[in-house]
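Q: Got a structure here, written out as structure tokens. Questions coming.
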Amino acid sequence: ETGVTQSPTHLIKTRGQQVTLRCSSQSGHNTVSWYQQALGQGPQFIFQYYREEENGRGNFPPRFSGLQFPNYSSELNVNALELDDSALYLCASSLDSGQETQYFGPGTRLLVL
Amino acid sequence: GENVEQHPSTLSVQEGDSAVIKCTYSDSASNYFPWYKQELGKGPQLIIDIRSNVGEKKDQRIAVTLNKTAKHFSLHITETQPEDSAVYFCAASTASNNDMRFGAGTRLTVKP
């Protein structure tokens, strides 16, 4: 186990709704990265938070937003959900930003109907 | 941006045989290459990684090789066991970019 936890484990939403996913990083880690993993594909980078600031973003629209808190836990918010947002959302924590080893949580499986 | 291709998409081996998974990358600035194992219902777990100043790295039955000139890297698993069955992902990133790019994955099945 990596010590990275995510909640909830599963979630069902309808198109147009908003969702908030949560991640607690491993103790001592100040960086959290979020990924979207569609079925049968590799994870795709959404964004990274380092010391409460966004520190890099992948090719995702602005309706994907995030936060990092002083204890380095993090939230991923998705507005105006679309059917294609159905996926496994993974967070990974690392000791620092840059090329530090990333440790993944178990993910939140989101289904948008 | 970086593009990572991974082959094969599925691999079936007999217990005790070796398994090799290959990845290529497009960005010559990439210098960090981790490999992850993902079991059903779990998040990816780092199994080994290599940085561009090293050509090969071993950890017990697992090894990774890197050819910077050809821009490809490979995962080698020897003496495979049924518990090695999982989906394996390669990834690549650069020092200036926190965007780690993953391959599409290889589903490895080890038959007892």
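Naming works like this for the structure tokens: A, B, ... for the chains as they're shown, residue 1 at the start of each chain, ligands 1 onward in shown order.
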Can you write out as CSV which residues of range 30-104 of chain A fall within 8 Å of range 41-59 of chain B, alongside each residue's closest atom pair and its distance in Å to one decimal, counting only C-alpha atoms and ordering rows by chain and ascending residue number?
A:
```
residue,atom,partner,partner_atom,distance
A:Leu90,CA,B:Gly43,CA,7.0
A:Gln102,CA,B:Leu46,CA,7.8
A:Tyr103,CA,B:Gln45,CA,7.0
A:Phe104,CA,B:Gly43,CA,5.7
```
Q: Distance table requested - chain A against chain B, cut-off 12 Å, only C-alpha atoms: one row per qualifying residue with the closest atom pair and its distance in Å to one decimal, ordered by chain and rising residue number, as CSV.
A:
```
residue,atom,partner,partner_atom,distance
A:Glu1,CA,B:Gln45,CA,8.7
A:Thr2,CA,B:Gln45,CA,8.2
A:Gly3,CA,B:Gly43,CA,11.7
A:Val4,CA,B:Gly43,CA,9.9
A:Thr5,CA,B:Gly43,CA,10.3
A:Gln6,CA,B:Gly43,CA,10.3
A:Thr9,CA,B:Gly41,CA,10.0
A:His10,CA,B:Gly41,CA,11.0
A:Thr31,CA,B:Asn98,CA,10.7
A:Val32,CA,B:Asn98,CA,10.8
A:Ser33,CA,B:Asn98,CA,8.7
A:Trp34,CA,B:Asp99,CA,10.2
A:Tyr35,CA,B:Met100,CA,9.6
A:Gln36,CA,B:Phe102,CA,11.2
A:Gln37,CA,B:Gly43,CA,10.1
A:Ala38,CA,B:Ala104,CA,10.3
A:Leu39,CA,B:Ala104,CA,10.4
A:Gly40,CA,B:Ala104,CA,7.5
A:Gln41,CA,B:Ala104,CA,5.0
A:Gly42,CA,B:Ala104,CA,4.6
A:Pro43,CA,B:Phe102,CA,6.2
A:Gln44,CA,B:Arg101,CA,6.9
A:Phe45,CA,B:Asp99,CA,6.0
A:Ile46,CA,B:Asp99,CA,8.3
A:Phe47,CA,B:Asp99,CA,7.7
A:Gln48,CA,B:Asn98,CA,7.3
A:Tyr49,CA,B:Asn98,CA,10.1
A:Tyr50,CA,B:Asn98,CA,10.6
A:Glu54,CA,B:Asn98,CA,10.8
A:Asn55,CA,B:Asn98,CA,7.6
A:Gly56,CA,B:Asn98,CA,6.0
A:Arg57,CA,B:Asp99,CA,7.2
A:Gly58,CA,B:Asp99,CA,6.5
A:Asn59,CA,B:Asp99,CA,9.8
A:Leu88,CA,B:Gly43,CA,9.2
A:Tyr89,CA,B:Gly43,CA,9.4
A:Leu90,CA,B:Gly43,CA,7.0
A:Cys91,CA,B:Gly43,CA,8.8
A:Ala92,CA,B:Gly43,CA,9.2
A:Ser94,CA,B:Asn98,CA,11.4
A:Asp96,CA,B:Asn98,CA,11.0
A:Ser97,CA,B:Asn98,CA,7.5
A:Gly98,CA,B:Asn98,CA,5.7
A:Gln99,CA,B:Ala95,CA,6.4
A:Glu100,CA,B:Tyr32,CA,9.3
A:Thr101,CA,B:Leu46,CA,8.2
A:Gln102,CA,B:Leu46,CA,7.8
A:Tyr103,CA,B:Gln45,CA,7.0
A:Phe104,CA,B:Gly43,CA,5.7
A:Gly105,CA,B:Gly43,CA,5.5
A:Pro106,CA,B:Gly43,CA,4.2
A:Gly107,CA,B:Gly43,CA,5.9
A:Thr108,CA,B:Gly43,CA,9.5
A:Arg109,CA,B:Gly41,CA,9.4
```
Q: Excluding range 74-77 of chain B and its own-chain neighbours fewer than 3 positions away, which residues fall within 9 Å of it when counting only C-alpha atoms? Please give them as JSON, numbers by chain.
A: {"B": [17, 18, 19, 20, 21, 22, 23, 24, 35, 48, 61, 62, 63, 64, 65, 66, 67, 80, 84, 90]}
Q: I want to know what sits within 7 Å of Glu2 in chain B, based on only C-alpha atoms, with residues of the same chain fewer than 3 positions away left out; could you give that as an NGL selection string?
A: :B and (25-27 or 101)
Q: Would you return as a PyMOL selection string the members of chain A that DSSP assigns to strand (DSSP E or B) on this structure's backbone?
A: chain A and resi 5-7+10-13+19-24+31-37+44-50+53-57+64-68+74-78+87-94+103-104+108-112
Q: Could you tell me how far CA of Glu5 in chain B sits from CA of Leu111 in chain A, in Å to one decimal place?
A: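 Calculated distance between CA of Leu111 in chain A and CA of Glu5 in chain B is 27.5 Å.
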Q: Leaving out range 60-65 of chain A and any residue of its chain fewer than 2 positions from it, which residues lie within 6 Å of it when counting only C-alpha atoms, given as number ranges by chain?
A: A: 58, 76-79
Q: Report as an MDAnalysis selection string all protein, DNA and RNA residues lying within 9 Å of Ser73 in chain A, evaluated on only C-alpha atoms, omitting residues in the same chain fewer than 2 positions from it.
A: chainID A and resid 22:26 30:32 67:71 75
Q: Would you put the residues from that selection into a file with all heavy atoms, as an mmCIF file, in the first residue's frame?
A:
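This went into result.cif:
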```cif
data_model
loop_
_atom_site.group_PDB
_atom_site.id
_atom_site.type_symbol
_atom_site.label_atom_id
_atom_site.label_comp_id
_atom_site.auth_asym_id
_atom_site.auth_seq_id
_atom_site.Cartn_x
_atom_site.Cartn_y
_atom_site.Cartn_z
ATOM 1 N N ARG A 22 -11.643 13.480 -3.746
ATOM 2 C CA ARG A 22 -10.682 13.853 -2.731
ATOM 3 C C ARG A 22 -9.497 12.895 -2.670
ATOM 4 O O ARG A 22 -9.647 11.698 -2.946
ATOM 5 C CB ARG A 22 -11.370 13.948 -1.374
ATOM 6 C CG ARG A 22 -12.379 15.077 -1.304
ATOM 7 C CD ARG A 22 -13.130 15.160 -0.001
ATOM 8 N NE ARG A 22 -14.025 16.320 0.010
ATOM 9 C CZ ARG A 22 -15.238 16.360 -0.532
ATOM 10 N NH1 ARG A 22 -15.725 15.273 -1.128
ATOM 11 N NH2 ARG A 22 -15.969 17.455 -0.483
ATOM 12 N N CYS A 23 -8.366 13.450 -2.268
ATOM 13 C CA CYS A 23 -7.138 12.664 -2.213
ATOM 14 C C CYS A 23 -6.327 13.098 -0.992
ATOM 15 O O CYS A 23 -6.092 14.298 -0.790
ATOM 16 C CB CYS A 23 -6.339 12.898 -3.495
ATOM 17 S SG CYS A 23 -4.674 12.184 -3.489
ATOM 18 N N SER A 24 -5.878 12.116 -0.224
ATOM 19 C CA SER A 24 -4.948 12.400 0.865
ATOM 20 C C SER A 24 -3.585 11.854 0.486
ATOM 21 O O SER A 24 -3.448 10.674 0.173
ATOM 22 C CB SER A 24 -5.423 11.733 2.161
ATOM 23 O OG SER A 24 -6.555 12.380 2.649
ATOM 24 N N SER A 25 -2.606 12.723 0.492
ATOM 25 C CA SER A 25 -1.279 12.326 0.042
ATOM 26 C C SER A 25 -0.554 11.536 1.123
ATOM 27 O O SER A 25 -0.940 11.535 2.299
ATOM 28 C CB SER A 25 -0.461 13.565 -0.346
ATOM 29 O OG SER A 25 -0.377 14.459 0.750
ATOM 30 N N GLN A 26 0.502 10.868 0.696
ATOM 31 C CA GLN A 26 1.332 10.114 1.630
ATOM 32 C C GLN A 26 2.022 11.089 2.584
ATOM 33 O O GLN A 26 2.357 12.217 2.199
ATOM 34 C CB GLN A 26 2.361 9.315 0.822
ATOM 35 C CG GLN A 26 3.157 8.310 1.618
ATOM 36 C CD GLN A 26 3.903 7.355 0.713
ATOM 37 O OE1 GLN A 26 3.361 6.888 -0.288
ATOM 38 N NE2 GLN A 26 5.135 7.041 1.047
ATOM 39 N N ASN A 30 4.485 16.718 -0.566
ATOM 40 C CA ASN A 30 3.862 18.029 -0.736
ATOM 41 C C ASN A 30 3.284 18.237 -2.132
ATOM 42 O O ASN A 30 2.816 19.318 -2.464
ATOM 43 C CB ASN A 30 4.868 19.142 -0.430
ATOM 44 C CG ASN A 30 6.087 19.111 -1.358
ATOM 45 O OD1 ASN A 30 6.047 18.550 -2.444
ATOM 46 N ND2 ASN A 30 7.164 19.732 -0.918
ATOM 47 N N THR A 31 3.321 17.181 -2.952
ATOM 48 C CA THR A 31 2.895 17.308 -4.352
ATOM 49 C C THR A 31 1.856 16.242 -4.685
ATOM 50 O O THR A 31 2.035 15.078 -4.333
ATOM 51 C CB THR A 31 4.107 17.143 -5.289
ATOM 52 O OG1 THR A 31 5.082 18.135 -4.949
ATOM 53 C CG2 THR A 31 3.700 17.327 -6.744
ATOM 54 N N VAL A 32 0.780 16.679 -5.329
ATOM 55 C CA VAL A 32 -0.267 15.749 -5.758
ATOM 56 C C VAL A 32 -0.540 15.963 -7.242
ATOM 57 O O VAL A 32 -0.712 17.096 -7.685
ATOM 58 C CB VAL A 32 -1.566 15.958 -4.955
ATOM 59 C CG1 VAL A 32 -2.705 15.118 -5.546
ATOM 60 C CG2 VAL A 32 -1.357 15.591 -3.488
ATOM 61 N N LEU A 67 -7.747 21.873 -6.098
ATOM 62 C CA LEU A 67 -7.300 22.624 -4.931
ATOM 63 C C LEU A 67 -6.312 21.752 -4.180
ATOM 64 O O LEU A 67 -6.410 20.513 -4.212
ATOM 65 C CB LEU A 67 -8.477 22.883 -3.985
ATOM 66 C CG LEU A 67 -9.421 24.050 -4.206
ATOM 67 C CD1 LEU A 67 -10.542 23.998 -3.182
ATOM 68 C CD2 LEU A 67 -8.676 25.374 -4.128
ATOM 69 N N GLN A 68 -5.386 22.407 -3.497
ATOM 70 C CA GLN A 68 -4.566 21.670 -2.541
ATOM 71 C C GLN A 68 -4.606 22.444 -1.234
ATOM 72 O O GLN A 68 -4.530 23.673 -1.215
ATOM 73 C CB GLN A 68 -3.127 21.512 -3.027
ATOM 74 C CG GLN A 68 -2.318 20.574 -2.134
ATOM 75 C CD GLN A 68 -0.904 20.348 -2.618
ATOM 76 O OE1 GLN A 68 -0.295 21.223 -3.225
ATOM 77 N NE2 GLN A 68 -0.360 19.166 -2.335
ATOM 78 N N PHE A 69 -4.703 21.729 -0.143
ATOM 79 C CA PHE A 69 -4.867 22.330 1.170
ATOM 80 C C PHE A 69 -3.535 22.372 1.912
ATOM 81 O O PHE A 69 -2.572 21.719 1.512
ATOM 82 C CB PHE A 69 -5.923 21.532 1.948
ATOM 83 C CG PHE A 69 -7.261 21.529 1.264
ATOM 84 C CD1 PHE A 69 -7.672 20.444 0.505
ATOM 85 C CD2 PHE A 69 -8.113 22.618 1.339
ATOM 86 C CE1 PHE A 69 -8.890 20.438 -0.161
ATOM 87 C CE2 PHE A 69 -9.330 22.635 0.684
ATOM 88 C CZ PHE A 69 -9.726 21.545 -0.071
ATOM 89 N N PRO A 70 -3.475 23.152 3.006
ATOM 90 C CA PRO A 70 -2.211 23.265 3.751
ATOM 91 C C PRO A 70 -1.658 21.922 4.227
ATOM 92 O O PRO A 70 -0.443 21.798 4.406
ATOM 93 C CB PRO A 70 -2.592 24.167 4.936
ATOM 94 C CG PRO A 70 -3.700 25.012 4.410
ATOM 95 C CD PRO A 70 -4.492 24.123 3.502
ATOM 96 N N ASN A 71 -2.518 20.924 4.410
ATOM 97 C CA ASN A 71 -1.992 19.604 4.805
ATOM 98 C C ASN A 71 -1.628 18.758 3.585
ATOM 99 O O ASN A 71 -1.309 17.577 3.723
ATOM 100 C CB ASN A 71 -3.010 18.860 5.677
ATOM 101 C CG ASN A 71 -4.267 18.494 4.903
ATOM 102 O OD1 ASN A 71 -4.439 18.872 3.733
ATOM 103 N ND2 ASN A 71 -5.150 17.750 5.546
ATOM 104 N N GLU A 75 -8.222 18.209 -3.857
ATOM 105 C CA GLU A 75 -9.532 17.941 -4.457
ATOM 106 C C GLU A 75 -9.447 18.130 -5.957
ATOM 107 O O GLU A 75 -8.722 19.001 -6.441
ATOM 108 C CB GLU A 75 -10.574 18.926 -3.921
ATOM 109 C CG GLU A 75 -11.074 18.647 -2.538
ATOM 110 C CD GLU A 75 -12.159 19.620 -2.102
ATOM 111 O OE1 GLU A 75 -12.482 20.567 -2.854
ATOM 112 O OE2 GLU A 75 -12.671 19.434 -0.993
#
```
Q: For each of A:Leu83, A:Leu11, A:Leu21, A:Leu95, take the minimum atom-to-atom distance to Val112 in chain A, counting only C-alpha atoms, then give the residue where this is smallest.
A: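 Distance minimum relative to Val112 in chain A lands on A:Leu83.
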